$ cat structure.cif   # mmCIF, C-alpha atoms and all ligand atoms
data_query
loop_
_atom_site.label_atom_id
_atom_site.label_comp_id
_atom_site.auth_asym_id
_atom_site.auth_seq_id
_atom_site.Cartn_x
_atom_site.Cartn_y
_atom_site.Cartn_z
CA ALA A 1 22.38 -15.01 10.66
CA ALA A 2 20.64 -14.21 13.96
CA ALA A 3 22.69 -11.00 14.16
CA GLU A 4 21.71 -10.06 10.62
CA LYS A 5 18.10 -10.44 11.68
CA GLY A 6 18.72 -8.08 14.59
CA GLY A 7 17.53 -10.66 17.11
CA HIS A 8 14.36 -11.41 15.15
CA GLU A 9 13.29 -14.89 14.13
CA PHE A 10 12.79 -13.87 10.49
CA PHE A 11 13.95 -11.01 8.28
CA MET A 12 10.33 -10.13 7.74
CA ASP A 13 9.84 -9.46 11.47
CA LYS A 14 12.82 -7.12 11.36
CA GLU A 15 11.60 -5.43 8.19
CA ILE A 16 8.16 -4.82 9.70
CA GLN A 17 9.84 -3.11 12.65
CA GLU A 18 11.96 -1.00 10.28
CA GLN A 19 8.91 0.60 8.68
CA PRO A 20 9.01 3.91 10.59
CA GLN A 21 12.60 4.33 9.40
CA ALA A 22 11.69 3.38 5.83
CA VAL A 23 9.02 6.09 5.71
CA GLU A 24 11.30 8.66 7.33
CA ASP A 25 14.21 7.92 5.01
CA THR A 26 11.96 8.08 1.96
CA LEU A 27 10.73 11.53 2.93
CA ARG A 28 14.16 12.93 3.70
CA GLY A 29 15.54 15.50 1.29
CA HIS A 30 12.36 15.90 -0.72
CA PHE A 31 11.40 19.33 0.56
CA ASP A 32 13.73 22.30 0.28
CA GLY A 33 11.76 24.60 2.56
CA THR A 34 9.47 25.82 -0.18
CA ARG A 35 9.15 23.09 -2.79
CA ILE A 36 8.94 19.31 -3.18
CA VAL A 37 11.97 17.96 -5.03
CA LEU A 38 12.22 14.58 -6.74
CA ASP A 39 15.36 12.52 -7.43
CA GLU A 40 17.04 12.30 -10.83
CA GLN A 41 14.62 14.74 -12.32
CA ARG A 42 15.16 14.65 -16.05
CA LEU A 43 11.58 15.87 -16.34
CA GLY A 44 11.26 19.62 -15.79
CA GLU A 45 8.37 21.35 -14.06
CA ASP A 46 7.31 22.67 -17.47
CA GLU A 47 6.87 19.12 -18.67
CA LEU A 48 5.09 18.05 -15.50
CA ARG A 49 2.70 20.99 -15.93
CA THR A 50 1.44 19.75 -19.29
CA ILE A 51 0.64 16.25 -18.05
CA ASP A 52 -3.06 15.57 -18.51
CA LYS A 53 -3.32 11.94 -17.49
CA VAL A 54 -1.50 9.55 -15.18
CA PHE A 55 -1.17 5.78 -15.47
CA VAL A 56 0.32 3.87 -12.58
CA VAL A 57 1.72 0.47 -13.55
CA ALA A 58 3.06 -2.16 -11.17
CA CYS A 59 2.70 -5.75 -9.94
CA GLY A 60 1.90 -7.36 -6.61
CA SER A 61 2.17 -5.19 -3.52
CA SER A 62 3.64 -2.37 -5.59
CA TYR A 63 0.36 -2.31 -7.51
CA HIS A 64 -1.56 -1.98 -4.26
CA SER A 65 0.65 0.97 -3.25
CA GLY A 66 -0.40 2.61 -6.52
CA LEU A 67 -4.09 2.00 -5.77
CA VAL A 68 -3.62 3.76 -2.44
CA ALA A 69 -1.93 6.74 -4.06
CA LYS A 70 -4.63 7.22 -6.68
CA TYR A 71 -6.98 8.69 -4.07
CA ALA A 72 -4.48 11.34 -3.02
CA ILE A 73 -3.09 12.13 -6.47
CA GLU A 74 -6.54 12.69 -8.00
CA HIS A 75 -7.63 14.73 -5.01
CA TRP A 76 -4.53 16.91 -5.01
CA THR A 77 -3.90 17.30 -8.73
CA ARG A 78 -7.34 16.90 -10.38
CA LEU A 79 -5.62 14.66 -12.92
CA PRO A 80 -7.30 11.40 -13.87
CA VAL A 81 -5.23 8.50 -12.54
CA GLU A 82 -5.58 4.92 -13.71
CA VAL A 83 -3.79 2.20 -11.82
CA GLU A 84 -3.08 -0.89 -13.80
CA LEU A 85 -1.34 -4.22 -13.46
CA ALA A 86 1.75 -3.96 -15.64
CA SER A 87 0.99 -7.32 -17.25
CA GLU A 88 -2.40 -6.05 -18.45
CA PHE A 89 -1.38 -2.53 -19.42
CA ARG A 90 1.23 -3.65 -21.88
CA TYR A 91 -1.07 -5.85 -23.93
CA ARG A 92 -4.21 -3.79 -24.27
CA ASP A 93 -3.02 -0.84 -26.38
CA PRO A 94 -3.46 1.91 -23.76
CA VAL A 95 -3.99 5.47 -25.02
CA LEU A 96 -0.74 7.32 -24.39
CA ASP A 97 0.93 10.45 -25.70
CA ARG A 98 3.61 12.91 -24.65
CA ASP A 99 1.30 14.47 -22.07
CA THR A 100 0.75 11.17 -20.29
CA LEU A 101 2.77 10.38 -17.20
CA VAL A 102 3.37 6.70 -16.50
CA VAL A 103 4.43 6.04 -12.92
CA ALA A 104 6.17 2.66 -12.71
CA ILE A 105 6.36 1.40 -9.14
CA THR A 106 8.84 -1.38 -8.50
CA GLN A 107 10.84 -2.36 -5.47
CA SER A 108 13.42 -4.34 -7.45
CA GLY A 109 13.53 -2.17 -10.55
CA GLU A 110 13.69 -5.28 -12.69
CA THR A 111 10.23 -6.88 -12.78
CA ALA A 112 9.81 -7.98 -16.39
CA ASP A 113 6.19 -6.92 -16.82
CA VAL A 114 6.90 -3.46 -15.44
CA LEU A 115 9.98 -3.06 -17.63
CA GLU A 116 7.98 -4.00 -20.73
CA ALA A 117 5.21 -1.58 -19.72
CA VAL A 118 7.80 1.20 -19.37
CA ARG A 119 9.29 0.42 -22.79
CA HIS A 120 5.86 0.36 -24.37
CA ALA A 121 4.98 3.72 -22.79
CA ARG A 122 8.22 5.31 -23.98
CA ARG A 123 7.66 4.08 -27.52
CA GLN A 124 4.36 5.99 -27.41
CA ARG A 125 6.33 9.07 -26.20
CA ALA A 126 4.76 9.08 -22.75
CA ARG A 127 6.88 10.37 -19.83
CA VAL A 128 7.93 7.74 -17.35
CA LEU A 129 8.64 8.25 -13.68
CA ALA A 130 9.94 5.30 -11.67
CA VAL A 131 9.38 4.76 -7.96
CA CYS A 132 12.06 2.27 -7.05
CA ASN A 133 14.00 0.85 -4.12
CA THR A 134 17.07 -0.28 -6.05
CA ASN A 135 19.58 2.33 -7.11
CA GLY A 136 20.66 2.15 -10.72
CA SER A 137 18.43 -0.81 -11.61
CA GLN A 138 16.99 -1.27 -15.07
CA ILE A 139 13.63 0.45 -14.75
CA PRO A 140 14.99 3.72 -13.27
CA ARG A 141 17.69 3.68 -15.96
CA GLU A 142 15.02 3.62 -18.66
CA SER A 143 12.80 6.28 -17.03
CA ASP A 144 12.64 10.08 -17.35
CA ALA A 145 12.56 10.69 -13.61
CA VAL A 146 12.98 8.66 -10.45
CA VAL A 147 11.90 8.81 -6.85
CA TYR A 148 13.84 6.34 -4.78
CA THR A 149 12.23 4.66 -1.83
CA HIS A 150 14.80 4.36 0.92
CA ALA A 151 13.55 1.24 2.63
CA GLY A 152 16.97 -0.44 2.51
CA PRO A 153 17.32 -4.00 1.24
CA GLU A 154 14.23 -6.13 1.78
CA VAL A 155 14.99 -9.84 2.21
CA GLY A 156 11.52 -11.20 2.99
CA VAL A 157 9.90 -12.22 -0.27
CA ALA A 158 6.57 -10.69 0.75
CA SER A 159 6.96 -6.93 0.65
CA THR A 160 6.44 -4.97 3.89
CA LYS A 161 8.69 -1.95 4.45
CA CYS A 162 9.01 -1.36 0.72
CA PHE A 163 5.23 -1.15 0.50
CA LEU A 164 5.04 1.62 3.10
CA ALA A 165 7.98 3.41 1.48
CA GLN A 166 6.24 3.16 -1.91
CA ILE A 167 3.04 4.74 -0.59
CA THR A 168 5.18 7.54 0.84
CA ALA A 169 7.06 8.10 -2.41
CA ASN A 170 3.88 7.97 -4.48
CA LEU A 171 2.43 10.74 -2.32
CA LEU A 172 5.55 12.83 -2.93
CA VAL A 173 4.98 12.36 -6.66
CA GLY A 174 1.40 13.55 -6.17
CA LEU A 175 2.57 16.65 -4.32
CA ALA A 176 5.20 17.39 -6.97
CA LEU A 177 2.51 17.22 -9.65
CA ALA A 178 0.13 19.40 -7.63
CA GLN A 179 2.82 22.04 -7.17
CA ALA A 180 3.80 21.99 -10.86
CA ARG A 181 0.18 22.29 -11.95
CA GLY A 182 -0.71 24.85 -9.31
CA THR A 183 -3.67 22.84 -8.04
CA LYS A 184 -2.26 23.37 -4.55
CA TYR A 185 -0.70 26.50 -3.12
CA ALA A 186 2.85 26.26 -1.81
CA ASP A 187 1.67 26.49 1.80
CA GLU A 188 -0.79 23.64 1.23
CA VAL A 189 1.95 21.46 -0.25
CA ALA A 190 4.13 22.31 2.75
CA ARG A 191 1.32 21.30 5.12
CA GLU A 192 0.82 17.96 3.37
CA TYR A 193 4.54 17.31 3.58
CA GLU A 194 4.49 18.17 7.29
CA ALA A 195 1.64 15.71 7.79
CA LEU A 196 3.78 13.06 6.11
CA LEU A 197 6.62 13.89 8.49
CA GLU A 198 4.35 12.83 11.38
CA MET A 199 3.85 9.37 9.90
CA PRO A 200 7.05 7.62 11.08
CA ALA A 201 5.96 8.26 14.68
CA ALA A 202 2.42 7.06 13.90
CA VAL A 203 3.74 3.84 12.35
CA ALA A 204 6.04 3.35 15.37
CA GLU A 205 3.08 3.81 17.72
CA THR A 206 1.06 1.31 15.69
CA LEU A 207 3.83 -1.25 16.11
CA THR A 208 3.47 -0.97 19.91
CA LEU A 209 -0.23 -1.90 19.67
CA MET A 210 0.20 -5.25 17.92
CA ASP A 211 0.05 -7.84 20.72
CA PRO A 212 -3.69 -8.45 20.24
CA VAL A 213 -3.02 -9.02 16.52
CA ARG A 214 -0.45 -11.73 17.27
CA GLN A 215 -2.89 -13.39 19.66
CA LEU A 216 -5.59 -13.21 16.98
CA GLY A 217 -3.24 -14.78 14.44
CA ARG A 218 -2.71 -17.77 16.71
CA ASP A 219 -6.46 -18.03 17.34
CA ILE A 220 -7.54 -18.08 13.70
CA ALA A 221 -4.59 -20.00 12.24
CA ASP A 222 -6.85 -22.98 11.47
CA SER A 223 -9.42 -21.01 9.49
CA LYS A 224 -10.14 -22.11 5.93
CA ALA A 225 -10.40 -18.55 4.64
CA VAL A 226 -10.32 -14.91 5.69
CA LEU A 227 -12.11 -12.00 4.02
CA PHE A 228 -10.93 -8.40 4.08
CA LEU A 229 -13.21 -5.41 3.53
CA GLY A 230 -12.53 -1.70 3.16
CA ARG A 231 -13.73 1.42 1.42
CA HIS A 232 -11.85 4.34 -0.14
CA VAL A 233 -8.14 3.97 0.77
CA GLY A 234 -9.15 1.08 3.04
CA PHE A 235 -10.04 -0.96 -0.06
CA PRO A 236 -6.46 -1.34 -1.38
CA VAL A 237 -5.37 -1.99 2.21
CA ALA A 238 -7.87 -4.88 2.26
CA LEU A 239 -6.40 -6.20 -1.02
CA GLU A 240 -2.89 -6.02 0.42
CA GLY A 241 -3.98 -7.78 3.63
CA ALA A 242 -5.46 -10.62 1.57
CA LEU A 243 -2.34 -10.85 -0.61
CA LYS A 244 -0.10 -11.09 2.47
CA LEU A 245 -2.18 -13.95 3.83
CA LYS A 246 -2.08 -15.86 0.54
CA GLU A 247 1.65 -15.33 0.15
CA LEU A 248 2.70 -16.21 3.68
CA ALA A 249 0.08 -18.55 5.11
CA TYR A 250 -1.17 -20.20 1.87
CA MET A 251 -4.65 -19.42 3.09
CA HIS A 252 -7.56 -18.50 0.89
CA ALA A 253 -8.06 -14.79 1.34
CA GLU A 254 -9.96 -12.16 -0.62
CA GLY A 255 -10.14 -8.41 -0.33
CA PHE A 256 -13.34 -6.64 -1.32
CA ALA A 257 -14.69 -3.12 -1.52
CA ALA A 258 -17.15 -3.19 1.37
CA GLY A 259 -19.81 -1.59 -0.82
CA GLU A 260 -19.75 -4.72 -2.98
CA LEU A 261 -20.71 -6.95 -0.07
CA LYS A 262 -24.30 -7.34 -1.19
CA HIS A 263 -23.21 -8.10 -4.76
CA GLY A 264 -21.67 -11.43 -3.89
CA PRO A 265 -19.15 -11.61 -1.06
CA ILE A 266 -21.80 -11.73 1.66
CA ALA A 267 -22.83 -15.14 0.33
CA LEU A 268 -19.44 -16.42 1.51
CA VAL A 269 -20.08 -15.41 5.11
CA GLU A 270 -20.79 -18.36 7.37
CA ASP A 271 -20.57 -19.02 11.05
CA GLY A 272 -17.15 -18.20 12.44
CA LEU A 273 -15.59 -16.94 9.19
CA PRO A 274 -13.02 -14.29 10.11
CA VAL A 275 -13.70 -11.01 8.31
CA VAL A 276 -11.26 -8.15 8.73
CA VAL A 277 -12.78 -4.71 8.24
CA VAL A 278 -10.62 -1.63 7.72
CA THR A 279 -12.64 1.25 9.14
CA PRO A 280 -11.99 4.94 8.50
CA SER A 281 -11.94 7.69 11.10
CA PRO A 282 -15.42 8.66 12.35
CA LYS A 283 -14.16 12.25 12.65
CA SER A 284 -12.59 12.84 9.25
CA GLN A 285 -14.77 10.48 7.19
CA PRO A 286 -18.13 10.29 9.00
CA LEU A 287 -20.17 9.24 5.98
CA LEU A 288 -17.84 6.41 4.95
CA HIS A 289 -17.54 5.40 8.58
CA SER A 290 -21.29 4.96 8.93
CA LYS A 291 -21.39 2.85 5.75
CA LEU A 292 -18.66 0.59 7.11
CA LEU A 293 -20.45 0.32 10.40
CA SER A 294 -23.55 -1.02 8.70
CA ASN A 295 -21.39 -3.47 6.70
CA ILE A 296 -19.88 -4.74 9.95
CA ARG A 297 -23.36 -5.22 11.44
CA GLU A 298 -24.51 -7.10 8.34
CA ILE A 299 -21.69 -9.60 8.48
CA GLN A 300 -21.87 -9.98 12.23
CA ALA A 301 -25.59 -10.76 11.96
CA ARG A 302 -24.64 -13.61 9.60
CA GLY A 303 -22.20 -15.13 12.05
CA ALA A 304 -18.87 -13.71 10.86
CA ARG A 305 -16.08 -13.33 13.37
CA THR A 306 -15.56 -9.58 13.01
CA ILE A 307 -12.05 -8.21 13.24
CA VAL A 308 -12.33 -4.45 13.15
CA ILE A 309 -9.38 -2.19 12.49
CA GLY A 310 -10.29 1.32 13.47
CA GLU A 311 -9.22 4.56 15.00
CA GLU A 312 -8.32 4.80 18.69
CA GLY A 313 -11.23 6.08 20.73
CA ASP A 314 -13.88 5.12 18.14
CA GLU A 315 -16.54 3.81 20.51
CA THR A 316 -19.17 3.17 17.86
CA ILE A 317 -17.37 0.15 16.39
CA ALA A 318 -16.52 -1.66 19.63
CA PRO A 319 -19.94 -3.34 20.10
CA PHE A 320 -19.67 -4.97 16.66
CA ALA A 321 -16.06 -6.06 16.90
CA ASP A 322 -15.24 -9.55 18.12
CA THR A 323 -11.67 -8.31 17.98
CA LEU A 324 -10.88 -4.62 17.93
CA ILE A 325 -7.52 -3.41 16.64
CA GLU A 326 -6.81 0.23 17.29
CA LEU A 327 -4.76 2.59 15.18
CA PRO A 328 -3.50 6.07 16.03
CA ARG A 329 -5.45 8.94 14.51
CA VAL A 330 -3.89 10.13 11.24
CA PRO A 331 -5.17 12.11 8.22
CA ALA A 332 -7.66 10.09 6.14
CA LEU A 333 -5.49 9.77 3.02
CA LEU A 334 -2.54 8.55 5.10
CA GLN A 335 -4.38 5.85 7.03
CA PRO A 336 -2.99 3.01 4.84
CA LEU A 337 0.46 3.69 6.29
CA VAL A 338 -0.79 2.56 9.69
CA ALA A 339 -3.68 0.26 8.72
CA THR A 340 -1.46 -2.09 6.69
CA VAL A 341 0.76 -2.87 9.66
CA PRO A 342 -1.69 -5.12 11.58
CA LEU A 343 -2.48 -7.00 8.37
CA GLN A 344 1.20 -7.78 7.78
CA ILE A 345 1.59 -8.97 11.36
CA LEU A 346 -1.61 -11.01 11.20
CA ALA A 347 -0.45 -12.86 8.08
CA ALA A 348 3.02 -13.43 9.52
CA GLU A 349 1.63 -14.78 12.79
CA ILE A 350 -0.81 -17.14 11.08
CA ALA A 351 2.00 -18.44 8.86
CA ARG A 352 4.33 -18.84 11.83
CA THR A 353 1.66 -20.73 13.79
CA ARG A 354 1.24 -23.03 10.81
CA GLY A 355 4.99 -23.63 10.84
CA TYR A 356 5.93 -21.90 7.58
CA ASP A 357 9.07 -20.00 6.62
CA ILE A 358 7.74 -16.46 6.36
CA ASP A 359 10.86 -15.17 4.64
CA LYS A 360 10.68 -17.67 1.80
CA PRO A 361 7.12 -18.65 0.98
CA ARG A 362 6.75 -21.60 -1.35
CA ASN A 363 6.60 -20.98 -5.13
CA LEU A 364 7.34 -17.24 -4.83
CA ALA A 365 10.37 -15.19 -5.86
CA LYS A 366 11.49 -11.80 -4.62
CA SER A 367 11.67 -10.43 -8.10
CA VAL A 368 9.99 -11.85 -11.16
CA THR A 369 12.23 -11.28 -14.16
CA VAL A 370 10.28 -13.35 -16.67
CA GLU A 371 6.86 -12.45 -18.04
C1 LIG B 401 7.07 -10.32 -6.39
C2 LIG B 401 7.32 -10.11 -4.91
C3 LIG B 401 6.32 -9.10 -4.35
C4 LIG B 401 6.39 -7.81 -5.16
C5 LIG B 401 6.19 -8.06 -6.66
C6 LIG B 401 6.52 -6.82 -7.49
O1 LIG B 401 5.85 -10.95 -6.57
O2 LIG B 401 7.19 -11.32 -4.20
O3 LIG B 401 6.62 -8.82 -2.99
O4 LIG B 401 5.37 -6.92 -4.69
O5 LIG B 401 7.07 -9.08 -7.09
O6 LIG B 401 7.90 -6.60 -7.41
P1 LIG B 401 8.60 -5.22 -7.68
O7 LIG B 401 10.06 -5.47 -7.46
O8 LIG B 401 8.31 -4.84 -9.10
O9 LIG B 401 8.04 -4.22 -6.71
#
$ encode --input "structure.cif" --output "structure tokens"
Amino acid sequence: AAAEKGGHEFFMDKEIQEQPQAVEDTLRGHFDGTRIVLDEQRLGEDELRTIDKVFVVACGSSYHSGLVAKYAIEHWTRLPVEVELASEFRYRDPVLDRDTLVVAITQSGETADVLEAVRHARRQRARVLAVCNTNGSQIPRESDAVVYTHAGPEVGVASTKCFLAQITANLLVGLALAQARGTKYADEVAREYEALLEMPAAVAETLTLMDPVRQLGRDIADSKAVLFLGRHVGFPVALEGALKLKELAYMHAEGFAAGELKHGPIALVEDGLPVVVVTPSPKSQPLLHSKLLSNIREIQARGARTIVIGEEGDETIAPFADTLIELPRVPALLQPLVATVPLQILAAEIARTRGYDIDKPRNLAKSVTVE
């Protein structure tokens, strides 16, 4: 078993380290020199061109990967994108027709709520595209098109490398839609794809910067709760960080949009409460960055223990960070691919310090095949 884990204590540790490879393998073969190509494309470009609305449906971490992608897909395609929990979508009579694209994101390809959402969408004649890590599983079989994530088998119940691979695949779907619709020129699509090709190295670099995160995990392992804040693509990253902590460490954790702080969450802040803040690049998102900076000051003034995740070389955040975690500089829309990594490691380290099995958290299953 130790050999299977490649010398790591848990599969999850190994899977976290495999993330650069997962992103690289998911990108491979999806650009032919001029155009983005999807897998098992039973949906032609003509059909993609007439799409006028996108729903993303998923559960758990897969849902968070969809929230991340919404920012890029709307920006690139000018299509409205709604991201919805599969269990809610199915039962609220969503407005669908043949020009609606439903993107079903599922690592296992067999989550019951996602499968039912896909069936419901197809009955309404919507087109369905699956983003899936399991070849030939049920949901891809029932979909019109598929993009496979090539993360390899994930053993840890809490998703890590599949999550990064899903974000990557979702972005490929966004680029394929942009190219079909002509909302991006071919050279722009090629440049976005090239930027994605830089991400495996950025994730690998991030992994080398994680010792302070492990130390932090040991330091805050006794906390009652941890809050996570972010804006823009940092918001779904905050949600995913909180989910990881709940799943692995059984700790109360909440992710919030930092702009909502004054509408409730700030009342939770008390002396010593760890608050993790995902901060955008001051260079590429100066306005958002300044908003986050004032959020960090607000919570620090109320006694929070500030844990700031930000871009390397960002000197403005350092004075307000009790712990500073640096990330390599990457394009704004791609930051979740690096920013999620410290949150995974933080949750794993807290759980490990508390003596829990991080591969098999209590009460959870790797795939949920009942509604
Ligand atoms: C379970 C797993 C999660 C996963 C979710 C969705 O809750 O523990 O890690 O994100 O199911 O699974 P799927 O296979 O549809 O991505």
$ axis_aligned_box --input "structure.cif" --around "ligand LIG 401 (chain B)" --padding-each-side "4 Å" --output "lines of an AutoDock Vina configuration file"
center_x = 7.7
center_y = -7.8
center_z = -6.0
size_x = 12.7
size_y = 15.1
size_z = 14.1
$ closest_residue --input "structure.cif" --among "A:Arg127, A:Leu243, A:Ala22, A:Ala238" --to "Ala257 in chain A" --atoms "only C-alpha atoms"
A:Ala238
$ residues_around --input "structure.cif" --residues "range 211-219 of chain A" --least-positions-apart "5" --cutoff "7 Å" --atoms "all atoms listed in the file" --output "compact mmCIF listing (two decimals) with C-alpha atoms, in the coordinates of the input"
# COMPACT_ATOMS: atom_id res chain seq x y z
CA PRO A 342 -1.69 -5.12 11.58
CA ILE A 345 1.59 -8.97 11.36
CA LEU A 346 -1.61 -11.01 11.20
CA GLU A 349 1.63 -14.78 12.79
CA ILE A 350 -0.81 -17.14 11.08
CA THR A 353 1.66 -20.73 13.79
$ atom_distance --input "structure.cif" --atom1 "atom C1 of ligand LIG 401 (chain B)" --atom2 "CA of Arg28 in chain A"
26.3 Å
$ residues_near_ligand --input "structure.cif" --ligand "ligand LIG 401 (chain B)" --cutoff "7 Å" --atoms "all atoms listed in the file" --output "ChimeraX atom specification"
/A:58-62,105-111,114,157-159,364-368
$ write_last_selection --input "structure.cif" --atoms "C-alpha atoms" --output "PDB file, in the frame of the given file"
ATOM      1  CA  ALA A  58       3.060  -2.160 -11.170  1.00  0.00           C
ATOM      2  CA  CYS A  59       2.700  -5.750  -9.940  1.00  0.00           C
ATOM      3  CA  GLY A  60       1.900  -7.360  -6.610  1.00  0.00           C
ATOM      4  CA  SER A  61       2.170  -5.190  -3.520  1.00  0.00           C
ATOM      5  CA  SER A  62       3.640  -2.370  -5.590  1.00  0.00           C
ATOM      6  CA  ILE A 105       6.360   1.400  -9.140  1.00  0.00           C
ATOM      7  CA  THR A 106       8.840  -1.380  -8.500  1.00  0.00           C
ATOM      8  CA  GLN A 107      10.840  -2.360  -5.470  1.00  0.00           C
ATOM      9  CA  SER A 108      13.420  -4.340  -7.450  1.00  0.00           C
ATOM     10  CA  GLY A 109      13.530  -2.170 -10.550  1.00  0.00           C
ATOM     11  CA  GLU A 110      13.690  -5.280 -12.690  1.00  0.00           C
ATOM     12  CA  THR A 111      10.230  -6.880 -12.780  1.00  0.00           C
ATOM     13  CA  VAL A 114       6.900  -3.460 -15.440  1.00  0.00           C
ATOM     14  CA  VAL A 157       9.900 -12.220  -0.270  1.00  0.00           C
ATOM     15  CA  ALA A 158       6.570 -10.690   0.750  1.00  0.00           C
ATOM     16  CA  SER A 159       6.960  -6.930   0.650  1.00  0.00           C
ATOM     17  CA  LEU A 364       7.340 -17.240  -4.830  1.00  0.00           C
ATOM     18  CA  ALA A 365      10.370 -15.190  -5.860  1.00  0.00           C
ATOM     19  CA  LYS A 366      11.490 -11.800  -4.620  1.00  0.00           C
ATOM     20  CA  SER A 367      11.670 -10.430  -8.100  1.00  0.00           C
ATOM     21  CA  VAL A 368       9.990 -11.850 -11.160  1.00  0.00           C
TER      22      VAL A 368
END
$ residues_near_point --input "structure.cif" --point "(-22.9, -6.3, 8.5)" --cutoff "10 Å" --atoms "all atoms listed in the file" --output "list in words"
Ala258, Leu261, Lys262, Ile266, Lys291, Leu292, Leu293, Ser294, Asn295, Ile296, Arg297, Glu298, Ile299, Gln300, Ala301, Arg302, Gly303, Ala304, Thr306 and Phe320 of chain A
$ closest_residue --input "structure.cif" --among "A:Thr34, A:Gln335, A:Gln17, A:Gln138" --to "Val237 in chain A" --atoms "all atoms listed in the file"
A:Gln335
$ residues_near_point --input "structure.cif" --point "(4.0, -21.6, -1.7)" --cutoff "9 Å" --atoms "all atoms listed in the file" --output "PyMOL selection string"
chain A and resi 246-250+360-364
$ closest_residue --input "structure.cif" --among "A:Ile36, A:Val308, A:Val341, A:Leu333" --to "Ala186 in chain A" --atoms "only C-alpha atoms"
A:Ile36
$ residues_around --input "structure.cif" --residues "Gly152 in chain A" --least-positions-apart "2" --cutoff "12 Å" --atoms "only C-alpha atoms" --output "NGL selection string"
:A and (14-15 or 18-19 or 21-26 or 107-108 or 132-135 or 148-150 or 154-155 or 160-163 or 165)
$ residues_around --input "structure.cif" --residues "range 92-95 of chain A" --least-positions-apart "2" --cutoff "12 Å" --atoms "only C-alpha atoms" --output "list in words"
Lys53, Val54, Phe55, Val56, Val57, Glu82, Val83, Glu84, Leu85, Ala86, Ser87, Glu88, Phe89, Arg90, Asp97, Arg98, Asp99, Thr100, Leu101, Val102, Ala117, His120, Ala121, Arg123, Gln124, Arg125 and Ala126 of chain A
$ closest_residue --input "structure.cif" --among "A:Val277, A:Lys244, A:Ala69, A:Val370" --to "Asp113 in chain A" --atoms "all atoms listed in the file"
A:Val370
$ residues_around --input "structure.cif" --residues "Pro20 in chain A" --least-positions-apart "4" --cutoff "6 Å" --atoms "all atoms listed in the file" --output "compact mmCIF listing (two decimals) with C-alpha atoms, keeping the file's coordinate frame"
# COMPACT_ATOMS: atom_id res chain seq x y z
CA PRO A 200 7.05 7.62 11.08
CA VAL A 203 3.74 3.84 12.35
CA ALA A 204 6.04 3.35 15.37
$ closest_residue --input "structure.cif" --among "A:Thr316, A:Ser143, A:Ser290, A:Thr77" --to "Leu175 in chain A" --atoms "only C-alpha atoms"
A:Thr77
$ closest_residue --input "structure.cif" --among "A:Tyr91, A:Asn170, A:Val330, A:Glu74" --to "Thr183 in chain A" --atoms "all atoms listed in the file"
A:Glu74
$ atom_distance --input "structure.cif" --atom1 "CA of Phe235 in chain A" --atom2 "CA of Pro336 in chain A"
9.5 Å
$ atom_distance --input "structure.cif" --atom1 "CA of Ser284 in chain A" --atom2 "CA of Ile73 in chain A"
18.4 Å
$ residues_around --input "structure.cif" --residues "Leu227 in chain A" --least-positions-apart "2" --cutoff "6 Å" --atoms "only C-alpha atoms" --output "PyMOL selection string"
chain A and resi 253-255+275
